[in-house]
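Visitor: One structure follows; several queries about it will come next.
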Amino acid sequence: MTLEERSLAAPELAGRRLPRALGLLEASGAVRAAVAVLVVLALVAPLLPGWLLFLLTVAFAKGLVVLGVVLLLRGDLVSFGHGLFYAAGAYTVAFALRWGVPVRDAAPLVLLGTLVATVVAALVGLFIARYRGIFFGMLSTAFTMILYSLLLKLYWLTGGTDGLAARPAGILGLQPAADTLRLTQYYFVLVLTAAVTYGAYRLAASPLGYLMRAIYDNEIRVEYMGASVRQAIYRTYVISGALGGLGGALAAVAVGHVAPDLAYWTSSGEFVFVALFGGAGSVFAPLLGAVVFEFVRNYAFKLSPYTWQLLLGSVLVLVILFAPGGLWSLLERLAQRARGGKRS
Amino acid sequence: MGVVLETVNVTRYFGAVKAADDLSVQLAEGQTVGIVGPNGSGKTTFVNLVTGYVKPARGAVRFRGRDITPLTPRQITRLGIARSFQIPQLYLRLSVLENMLLALAIREQQHWDLWRPLKLPARVEEARCLLAQFGFDTGVDQPCAALPEGGRKLLDVALSFALRPSVLLLDEPTSGVSVEDKFAVMDRLMSVVRQSAITAVFIEHDMEVVARYAERVLVFAEGRILADGGPAAVFANPAVRTHVLGEGV
């Protein structure tokens with residue numbers, strides 16, 4: 001009996017398939033589909049109503065934050081504190097505009113917001129990268145709640161519960177009129193989202209990306225191979241924080257206003273919620289999850305303004321029950337079925 | 001042959017259990033050493049002490065003359081001491097090939113790369129060659145979780161071997177392997193190890209395996225060396241026959 005034959009006869013595989021979710025990150029079919037979706041999103045944009053452009057813009061921005069959460073999930077780390085970076089990025093844009101930074105264009109402001117969030121992640125990561133499990137989750141919540149308290153109490157600086165306006169004068173040198181502002185913002189966010197998602201795709205297929213998956217499986221082995229688990233987590237945490245800051249800065253530009261709620265723990269919980277909702281099967285899953293989530297929330301709120309959370313919760317329960325790998329796993333199943341049909 | 005690894009008066013107790021009791025051992029370059037002894041005699045503790053997983057209460061561990069006692073397992077691995085485990089430590093969700101690719105990326109210090117893919121063609125080729133040496137000619141794209149115990153043991157050793165260590169410590173490489181596969185696994189392991197002329201230390205309960213593959217045998221009892229020498233001499237030792245082989249008990 002060859003090794004392969006014995007492998008196939010391994011008892012633990014009988015009757016169940018191994019989780020393949022994370023391995024699909026390299027599937028070229030998903031990339032082709034993503035490019036096709038990107039082209040469609042770019043082409044149909046001028047035909048879409050303003051409210052839908054706004055909804056998609058915010059969903060993409062939040063999708064980037066969720067992508068950051070998913071990068072950590074690959075190492076079995078659940079961050080309930082990405083509101084920290086989201087708010088850091090968003091408030092940086094608002095502060096810069098309020099406190100007289102000479103540049104008033106959205107692009108450099110978004111870059112600044114991302115940099116500030118990255119620095120915050122680099123500092124917090126020094127402390128948090130040594131923790132795992134519930135301690136990692138709770139500490140990340142603690143940090144975001146500290147920021148929330150500061151944003152709430154330092155009224156003279158942050159505007160307290162009123163928040164601050166965050167309306168850049170232009171985007172990449174363009175000064176869009178009111179009727180084209182949403183479309184310009186949409187394209188700006190779409191291009192950045194596509195570029196960053198490609199970066200995340202490369203990261204997922206890189207040694208560091210695999211190292212996080214290895215950490216999920218076996219930290220001891222990683223150390224006994226000569227790699228530092230803490231360093232891997234720290235670096236991924238900083239990248240994840242940068243994504244959070246980018247998402248926050250983009251959301252601030254799109255919404256035009258920031259408030260302390262961005263750093264509240266429910267905001268961070270929402271990112272985890274969307275991460276589970278979309279799935280961790282691909283770097284595209286968080287974007288899918290964020291878009292569907294925004295639609296569901298929008299319509300849930302419209303249908304039932306006082307119990308919309310109940311509807312959202314029910315949808316998540318259904319997803320967890322019937323598609324534990326998130327919405328992305330449903331797409332995978334459909335793709336597999338289509339391939340199977342084609343072969344037969 | 002120079003001394004590559006030594007423990008000097010190393011002591012470590014776990015409660016009343018003497019896992020290492022003033023233990024002094026020297027291992028020469030290129031030697032194949034078998035470690036035997038009853039359960040609780042300190043065999044695995046010896047490996048854990050040498051690789052930094054457990055720290056001695058007293059004494060020192062030296063690698064090529066350098067005191068490595070305070071170093072972490074990661075630092076010790078980087079110096080050139082690799083180990084396999086009694087229960088194979090693999091990345092079960094990754095494929096056999098991906099496990100090996102990651103080991104190679106870490107050896108090359110390219111594990112922080114976040115742009116170029118893990119599956120670089122040259123790295124994939126080297127990984128396939130290494131895996132073939134350990135008998136993984138086909139099926140390398142299947143998840144590790146699909147491997148039988150013998151395959152997991154081999155892969156566990158292969159991952160450590162890929163790091164190009166000077167000393168390779170194998171903790172019970174045939175435990176959990178079926179009787180019919182045991183010698184096939186050891187033949188494969190030892191042929192690769194001997195070709196590379198590294199110092200190999202393996203813990204084993206099967207005296208037949210030890211007699212066949214070890215040049216030198218260390219017999220542990222209560223954290224001390226009960227006997228040390230060639231297999232024939234050691235297995236003829238009356239104390240070994242009584243305490244380890246259980247004869248005349």
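Ordering of the structure tokens sets the chain letters (A, B, ...); residue numbers start at 1 within each chain; ligands are numbered from 1 in the order shown.
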With the cut-off set at 12 Å and counting only C-alpha atoms, tabulate each residue of stretch 31-148 of chain B with an atom at most that distance from an atom of stretch 4-21 of chain B, showing the nearest atom pair and its distance in Å to one decimal, ordered by chain and increasing number, as a tab-separated table.
Guide:
```
residue	atom	partner	partner_atom	distance
B:Gln31	CA	B:Val4	CA	9.7
B:Gly37	CA	B:Ala19	CA	11.7
B:Pro38	CA	B:Ala19	CA	11.6
B:Asn39	CA	B:Ala19	CA	10.4
B:Gly40	CA	B:Ala19	CA	6.9
B:Ser41	CA	B:Ala19	CA	6.1
B:Gly42	CA	B:Ala19	CA	4.3
B:Lys43	CA	B:Ala19	CA	8.0
B:Thr44	CA	B:Ala19	CA	8.8
B:Thr45	CA	B:Ala19	CA	6.2
B:Phe46	CA	B:Ala20	CA	7.1
B:Val47	CA	B:Thr7	CA	10.8
B:Asn48	CA	B:Ala19	CA	10.6
B:Leu49	CA	B:Val10	CA	8.6
B:Val50	CA	B:Thr7	CA	7.7
B:Thr51	CA	B:Leu5	CA	11.0
B:Val54	CA	B:Arg12	CA	8.7
B:Lys55	CA	B:Arg12	CA	7.8
B:Pro56	CA	B:Arg12	CA	5.1
B:Ala57	CA	B:Arg12	CA	5.3
B:Arg58	CA	B:Thr11	CA	5.1
B:Gly59	CA	B:Val10	CA	4.0
B:Ala60	CA	B:Val8	CA	5.2
B:Val61	CA	B:Thr7	CA	4.4
B:Arg62	CA	B:Glu6	CA	5.2
B:Phe63	CA	B:Leu5	CA	4.6
B:Arg64	CA	B:Val4	CA	4.8
B:Gly65	CA	B:Val4	CA	7.7
B:Arg66	CA	B:Leu5	CA	9.2
B:Asp67	CA	B:Glu6	CA	9.6
B:Ile68	CA	B:Leu5	CA	10.0
B:Thr69	CA	B:Thr7	CA	9.4
B:Ile76	CA	B:Leu5	CA	11.7
B:Leu79	CA	B:Leu5	CA	11.6
B:Gly80	CA	B:Val4	CA	10.4
B:Ile81	CA	B:Leu5	CA	9.2
```
Visitor: How about saving the chosen residues, C-alpha atoms kept, as a PDB file, in the first residue's frame?
Guide:
```pdb
ATOM      1  CA  GLN B  31      26.626  10.293  15.741  1.00  0.00           C
ATOM      2  CA  GLY B  37      14.511   3.847  29.357  1.00  0.00           C
ATOM      3  CA  PRO B  38      11.304   3.175  31.250  1.00  0.00           C
ATOM      4  CA  ASN B  39       8.458   5.686  31.279  1.00  0.00           C
ATOM      5  CA  GLY B  40       9.277   8.683  33.452  1.00  0.00           C
ATOM      6  CA  SER B  41      13.016   8.109  33.232  1.00  0.00           C
ATOM      7  CA  GLY B  42      13.619  11.534  31.645  1.00  0.00           C
ATOM      8  CA  LYS B  43      14.022  10.749  27.941  1.00  0.00           C
ATOM      9  CA  THR B  44      11.597  13.344  26.614  1.00  0.00           C
ATOM     10  CA  THR B  45      12.667  15.800  29.319  1.00  0.00           C
ATOM     11  CA  PHE B  46      16.208  15.477  27.952  1.00  0.00           C
ATOM     12  CA  VAL B  47      14.950  16.529  24.510  1.00  0.00           C
ATOM     13  CA  ASN B  48      12.834  19.297  26.065  1.00  0.00           C
ATOM     14  CA  LEU B  49      15.816  20.576  28.046  1.00  0.00           C
ATOM     15  CA  VAL B  50      18.097  20.591  25.042  1.00  0.00           C
ATOM     16  CA  THR B  51      15.556  22.384  22.854  1.00  0.00           C
ATOM     17  CA  VAL B  54      11.945  23.087  29.686  1.00  0.00           C
ATOM     18  CA  LYS B  55      14.594  25.006  31.598  1.00  0.00           C
ATOM     19  CA  PRO B  56      16.908  23.199  34.044  1.00  0.00           C
ATOM     20  CA  ALA B  57      16.869  24.127  37.718  1.00  0.00           C
ATOM     21  CA  ARG B  58      20.642  23.652  37.693  1.00  0.00           C
ATOM     22  CA  GLY B  59      23.302  22.957  35.104  1.00  0.00           C
ATOM     23  CA  ALA B  60      23.832  24.063  31.530  1.00  0.00           C
ATOM     24  CA  VAL B  61      23.224  22.968  27.955  1.00  0.00           C
ATOM     25  CA  ARG B  62      25.986  23.766  25.474  1.00  0.00           C
ATOM     26  CA  PHE B  63      25.884  23.687  21.710  1.00  0.00           C
ATOM     27  CA  ARG B  64      29.314  23.788  20.058  1.00  0.00           C
ATOM     28  CA  GLY B  65      30.652  25.199  23.308  1.00  0.00           C
ATOM     29  CA  ARG B  66      28.059  27.962  23.575  1.00  0.00           C
ATOM     30  CA  ASP B  67      25.730  28.056  26.565  1.00  0.00           C
ATOM     31  CA  ILE B  68      22.221  27.830  25.136  1.00  0.00           C
ATOM     32  CA  THR B  69      20.417  27.249  28.437  1.00  0.00           C
ATOM     33  CA  ILE B  76      17.833  27.165  19.631  1.00  0.00           C
ATOM     34  CA  LEU B  79      21.252  27.739  15.912  1.00  0.00           C
ATOM     35  CA  GLY B  80      20.797  24.296  14.385  1.00  0.00           C
ATOM     36  CA  ILE B  81      19.010  21.997  16.825  1.00  0.00           C
TER      37      ILE B  81
END
```
Visitor: Counting only C-alpha atoms, which residues of chain B come no farther than 9 Å from chain A, as JSON, numbers by chain?
Guide: {"B": [51, 72, 73, 74, 75, 76, 77, 78, 82, 83, 84, 89, 90, 91, 92, 93, 94, 98, 99, 101, 102, 103, 105, 106, 107, 109, 110, 111, 112, 113, 114, 115, 116, 117, 118, 119, 135, 136, 137, 138, 139, 140, 142, 143, 145, 146, 147, 148, 149, 150, 151, 159, 160, 163]}
Visitor: Can you write just those residues out, N, CA and C atoms, as a short mmCIF file (atom, residue, chain, number, x, y, z; two decimals), in the first residue's frame?
Guide:
```
data_model
loop_
_atom_site.label_atom_id
_atom_site.label_comp_id
_atom_site.auth_asym_id
_atom_site.auth_seq_id
_atom_site.Cartn_x
_atom_site.Cartn_y
_atom_site.Cartn_z
N THR B 51 16.18 21.49 23.84
CA THR B 51 15.56 22.38 22.85
C THR B 51 14.92 23.62 23.51
N THR B 72 15.40 30.59 23.86
CA THR B 72 14.04 30.06 23.60
C THR B 72 14.15 28.93 22.57
N PRO B 73 13.10 28.10 22.48
CA PRO B 73 13.12 27.05 21.45
C PRO B 73 13.39 27.60 20.05
N ARG B 74 12.82 28.78 19.77
CA ARG B 74 13.01 29.36 18.43
C ARG B 74 14.48 29.72 18.20
N GLN B 75 15.12 30.30 19.20
CA GLN B 75 16.53 30.67 19.05
C GLN B 75 17.40 29.43 18.93
N ILE B 76 17.05 28.40 19.68
CA ILE B 76 17.83 27.17 19.63
C ILE B 76 17.67 26.50 18.27
N THR B 77 16.45 26.52 17.76
CA THR B 77 16.22 25.95 16.42
C THR B 77 17.04 26.71 15.39
N ARG B 78 17.08 28.01 15.51
CA ARG B 78 17.85 28.84 14.56
C ARG B 78 19.34 28.49 14.60
N ALA B 82 17.15 20.88 15.77
CA ALA B 82 15.74 20.70 15.41
C ALA B 82 15.21 19.43 16.06
N ARG B 83 13.91 19.38 16.21
CA ARG B 83 13.32 18.20 16.85
C ARG B 83 12.03 17.79 16.16
N SER B 84 11.70 16.52 16.32
CA SER B 84 10.36 16.07 15.96
C SER B 84 9.67 15.69 17.27
N GLN B 89 3.68 17.23 15.19
CA GLN B 89 3.20 18.61 15.24
C GLN B 89 3.22 19.18 13.83
N LEU B 90 2.06 19.19 13.20
CA LEU B 90 1.95 19.62 11.81
C LEU B 90 0.88 20.70 11.70
N TYR B 91 0.83 21.31 10.54
CA TYR B 91 -0.24 22.27 10.26
C TYR B 91 -1.30 21.50 9.47
N LEU B 92 -2.27 21.00 10.20
CA LEU B 92 -3.17 19.99 9.63
C LEU B 92 -4.05 20.50 8.50
N ARG B 93 -4.35 21.82 8.51
CA ARG B 93 -5.20 22.36 7.45
C ARG B 93 -4.41 22.66 6.19
N LEU B 94 -3.11 22.77 6.33
CA LEU B 94 -2.29 23.01 5.14
C LEU B 94 -1.96 21.67 4.49
N GLU B 98 2.51 22.44 1.38
CA GLU B 98 2.53 23.76 2.03
C GLU B 98 3.28 23.72 3.36
N ASN B 99 3.14 22.61 4.09
CA ASN B 99 3.90 22.45 5.33
C ASN B 99 5.39 22.58 5.04
N LEU B 101 6.83 23.87 2.32
CA LEU B 101 7.17 25.19 1.77
C LEU B 101 7.37 26.21 2.88
N LEU B 102 6.53 26.11 3.89
CA LEU B 102 6.64 27.06 5.01
C LEU B 102 7.95 26.83 5.77
N ALA B 103 8.30 25.56 5.94
CA ALA B 103 9.58 25.25 6.62
C ALA B 103 10.75 25.84 5.83
N ALA B 105 10.64 28.40 3.70
CA ALA B 105 10.59 29.87 3.76
C ALA B 105 11.17 30.37 5.08
N ILE B 106 10.87 29.65 6.15
CA ILE B 106 11.40 30.04 7.47
C ILE B 106 12.91 29.83 7.50
N ARG B 107 13.37 28.71 6.96
CA ARG B 107 14.82 28.46 6.91
C ARG B 107 15.53 29.56 6.14
N GLN B 109 14.65 32.51 5.95
CA GLN B 109 14.34 33.81 6.59
C GLN B 109 13.45 34.69 5.70
N GLN B 110 12.61 34.04 4.91
CA GLN B 110 11.72 34.81 4.04
C GLN B 110 10.27 34.72 4.49
N HIS B 111 10.11 34.35 5.75
CA HIS B 111 8.73 34.17 6.22
C HIS B 111 8.03 35.48 6.52
N TRP B 112 8.76 36.61 6.48
CA TRP B 112 8.07 37.90 6.67
C TRP B 112 7.67 38.52 5.33
N ASP B 113 8.00 37.84 4.26
CA ASP B 113 7.63 38.35 2.95
C ASP B 113 6.11 38.39 2.83
N LEU B 114 5.58 39.55 2.48
CA LEU B 114 4.12 39.63 2.37
C LEU B 114 3.67 39.98 0.96
N TRP B 115 4.57 39.86 0.01
CA TRP B 115 4.17 40.17 -1.37
C TRP B 115 4.39 38.99 -2.30
N ARG B 116 5.61 38.44 -2.27
CA ARG B 116 5.87 37.30 -3.16
C ARG B 116 5.16 36.06 -2.61
N PRO B 117 4.71 35.18 -3.49
CA PRO B 117 3.95 34.02 -2.99
C PRO B 117 4.85 32.99 -2.28
N LEU B 118 4.22 32.25 -1.39
CA LEU B 118 4.95 31.15 -0.73
C LEU B 118 5.39 30.13 -1.78
N LYS B 119 4.51 29.95 -2.77
CA LYS B 119 4.75 28.89 -3.76
C LYS B 119 5.60 29.40 -4.92
N GLY B 135 9.75 9.84 1.04
CA GLY B 135 8.74 8.93 0.53
C GLY B 135 7.45 9.57 0.08
N PHE B 136 7.40 10.89 0.10
CA PHE B 136 6.18 11.57 -0.35
C PHE B 136 6.31 11.89 -1.84
N ASP B 137 6.22 10.86 -2.65
CA ASP B 137 6.37 11.07 -4.09
C ASP B 137 5.08 11.61 -4.70
N THR B 138 3.97 11.18 -4.14
CA THR B 138 2.67 11.65 -4.65
C THR B 138 1.80 12.07 -3.47
N GLY B 139 0.71 12.69 -3.81
CA GLY B 139 -0.26 13.06 -2.76
C GLY B 139 0.18 14.21 -1.89
N VAL B 140 1.12 15.03 -2.39
CA VAL B 140 1.61 16.12 -1.53
C VAL B 140 0.65 17.30 -1.46
N GLN B 142 -2.52 16.94 -0.74
CA GLN B 142 -3.60 16.64 0.19
C GLN B 142 -3.31 17.28 1.55
N PRO B 143 -4.35 17.58 2.32
CA PRO B 143 -4.11 18.15 3.65
C PRO B 143 -3.38 17.14 4.55
N ALA B 145 -3.92 16.46 7.49
CA ALA B 145 -4.87 15.70 8.31
C ALA B 145 -5.25 14.38 7.65
N ALA B 146 -5.02 14.29 6.34
CA ALA B 146 -5.38 13.06 5.63
C ALA B 146 -4.29 11.99 5.74
N LEU B 147 -3.15 12.35 6.28
CA LEU B 147 -2.05 11.37 6.35
C LEU B 147 -2.28 10.36 7.47
N PRO B 148 -1.86 9.14 7.27
CA PRO B 148 -1.88 8.17 8.37
C PRO B 148 -0.75 8.50 9.36
N GLU B 149 -0.75 7.82 10.50
CA GLU B 149 0.22 8.17 11.55
C GLU B 149 1.67 8.07 11.06
N GLY B 150 1.95 7.02 10.29
CA GLY B 150 3.32 6.86 9.79
C GLY B 150 3.73 8.02 8.90
N GLY B 151 2.81 8.43 8.06
CA GLY B 151 3.07 9.56 7.16
C GLY B 151 3.28 10.84 7.94
N LEU B 159 10.05 18.01 8.15
CA LEU B 159 9.99 19.46 8.37
C LEU B 159 11.20 19.93 9.18
N SER B 160 11.55 19.14 10.19
CA SER B 160 12.72 19.49 11.00
C SER B 160 14.00 19.34 10.18
N LEU B 163 15.13 22.13 7.85
CA LEU B 163 15.78 23.31 8.44
C LEU B 163 17.30 23.20 8.41
#
```
Visitor: Which one is closest to B:Arg164: B:Thr242, B:Gln86, B:Thr199, B:Ser24? Count only C-alpha atoms.
Guide: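 Selected residue with least distance to B:Arg164: B:Thr199.
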Visitor: One number please: atom CA of B:Asp187 to atom CA of B:Glu29, in Å, one decimal.
Guide: 20.8 Å
Visitor: Please determine, counting only C-alpha atoms, which residue among A:Ala285, A:Leu72, A:Ala94, A:Leu48 has the shortest atom-to-atom distance to A:Glu332.
Guide: A:Ala285
Visitor: Which residues in stretch 111-323 of chain A does DSSP call strand (DSSP E)? List them as a list in words.
Guide: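 Reading the DSSP output for stretch 111-323 of chain A, strand (DSSP E) covers Leu164, Ala165, His257 and Val258 of chain A.
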Visitor: I'd like the contact shell of stretch 241-257 of chain A - 8 Å cut-off, only C-alpha atoms, skipping same-chain residues fewer than 6 positions apart - returned as a PyMOL selection string.
Guide: chain A and resi 54+57-58+60-68+82-83+85-94+106+109-111+113-118+120-121+163-168+182+185+189
Visitor: The selected residues should be written to file as a compact mmCIF listing (two decimals), in the first residue's frame (atoms: C-alpha atoms).
Guide:
```txt
# COMPACT_ATOMS: atom_id res chain seq x y z
CA PHE A 54 -23.68 55.91 -0.97
CA THR A 57 -19.37 53.32 -0.85
CA VAL A 58 -19.88 52.89 2.89
CA PHE A 60 -16.71 49.01 0.64
CA ALA A 61 -15.13 51.21 3.31
CA LYS A 62 -16.44 48.95 6.06
CA GLY A 63 -15.48 45.90 4.02
CA LEU A 64 -11.86 46.98 4.28
CA VAL A 65 -12.13 47.07 8.06
CA VAL A 66 -13.70 43.62 8.00
CA LEU A 67 -10.86 42.45 5.77
CA GLY A 68 -8.51 43.50 8.55
CA HIS A 82 -11.34 47.33 15.30
CA GLY A 83 -13.55 50.32 16.08
CA PHE A 85 -8.68 51.94 14.07
CA TYR A 86 -11.90 52.78 12.28
CA ALA A 87 -12.42 55.77 14.54
CA ALA A 88 -8.72 56.72 14.46
CA GLY A 89 -8.79 56.89 10.66
CA ALA A 90 -12.11 58.74 10.54
CA TYR A 91 -11.27 61.26 13.27
CA THR A 92 -7.87 61.96 11.72
CA VAL A 93 -9.66 63.20 8.59
CA ALA A 94 -12.03 65.30 10.69
CA ALA A 106 -9.59 63.56 0.33
CA LEU A 109 -6.33 62.98 4.18
CA VAL A 110 -7.25 59.32 3.75
CA LEU A 111 -3.55 58.49 3.59
CA GLY A 113 -5.89 58.64 8.48
CA THR A 114 -4.42 55.30 7.45
CA LEU A 115 -0.98 56.28 8.76
CA VAL A 116 -2.34 57.40 12.12
CA ALA A 117 -4.29 54.15 12.51
CA THR A 118 -1.16 52.20 11.55
CA VAL A 120 -1.94 53.28 16.77
CA ALA A 121 -1.93 49.60 15.74
CA GLY A 163 -19.02 64.66 16.54
CA LEU A 164 -17.24 66.61 13.84
CA ALA A 165 -17.79 67.38 10.19
CA ALA A 166 -15.42 65.69 7.76
CA ARG A 167 -15.95 67.08 4.29
CA PRO A 168 -12.79 67.37 2.19
CA ARG A 182 -21.56 60.58 -4.66
CA GLN A 185 -16.62 59.30 -3.96
CA VAL A 189 -13.44 54.24 -2.75
```
Visitor: Identify, on the basis of only C-alpha atoms, every residue whose closest approach to B:Glu215 does not exceed 7 Å; exclude the query and any residue fewer than 3 positions from it along the same chain; express the result as a ChimeraX atom specification.
Guide: /B:31-33,230-231
Visitor: If you count only C-alpha atoms, which residues fall within 9 Å of B:Met207, apart from same-chain ones fewer than 3 positions away, as a PyMOL selection string?
Guide: chain B and resi 36+204+210-212+235+245
Visitor: Find the residues near B:Leu226: any atom within 9 Å, counting only C-alpha atoms, skip ones fewer than 6 places away on the same chain, and give them as a list of chain:residue names.
Guide: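 These residues fall inside the cut-off: B:Gly37, B:Leu218, B:Val219, B:Phe220, B:Ala239, B:Val240.
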Visitor: Store the residues picked out above in a file with C-alpha atoms, as a PDB file, in the first residue's frame.
Guide:
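Output (selection-v9.pdb):
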```pdb
ATOM      1  CA  GLY B  37      14.511   3.847  29.357  1.00  0.00           C
ATOM      2  CA  LEU B 218      22.007   5.927  26.251  1.00  0.00           C
ATOM      3  CA  VAL B 219      19.888   4.209  28.876  1.00  0.00           C
ATOM      4  CA  PHE B 220      17.998   6.569  31.155  1.00  0.00           C
ATOM      5  CA  ALA B 239      21.439  -3.537  35.159  1.00  0.00           C
ATOM      6  CA  VAL B 240      19.891  -2.668  31.802  1.00  0.00           C
TER       7      VAL B 240
END
```
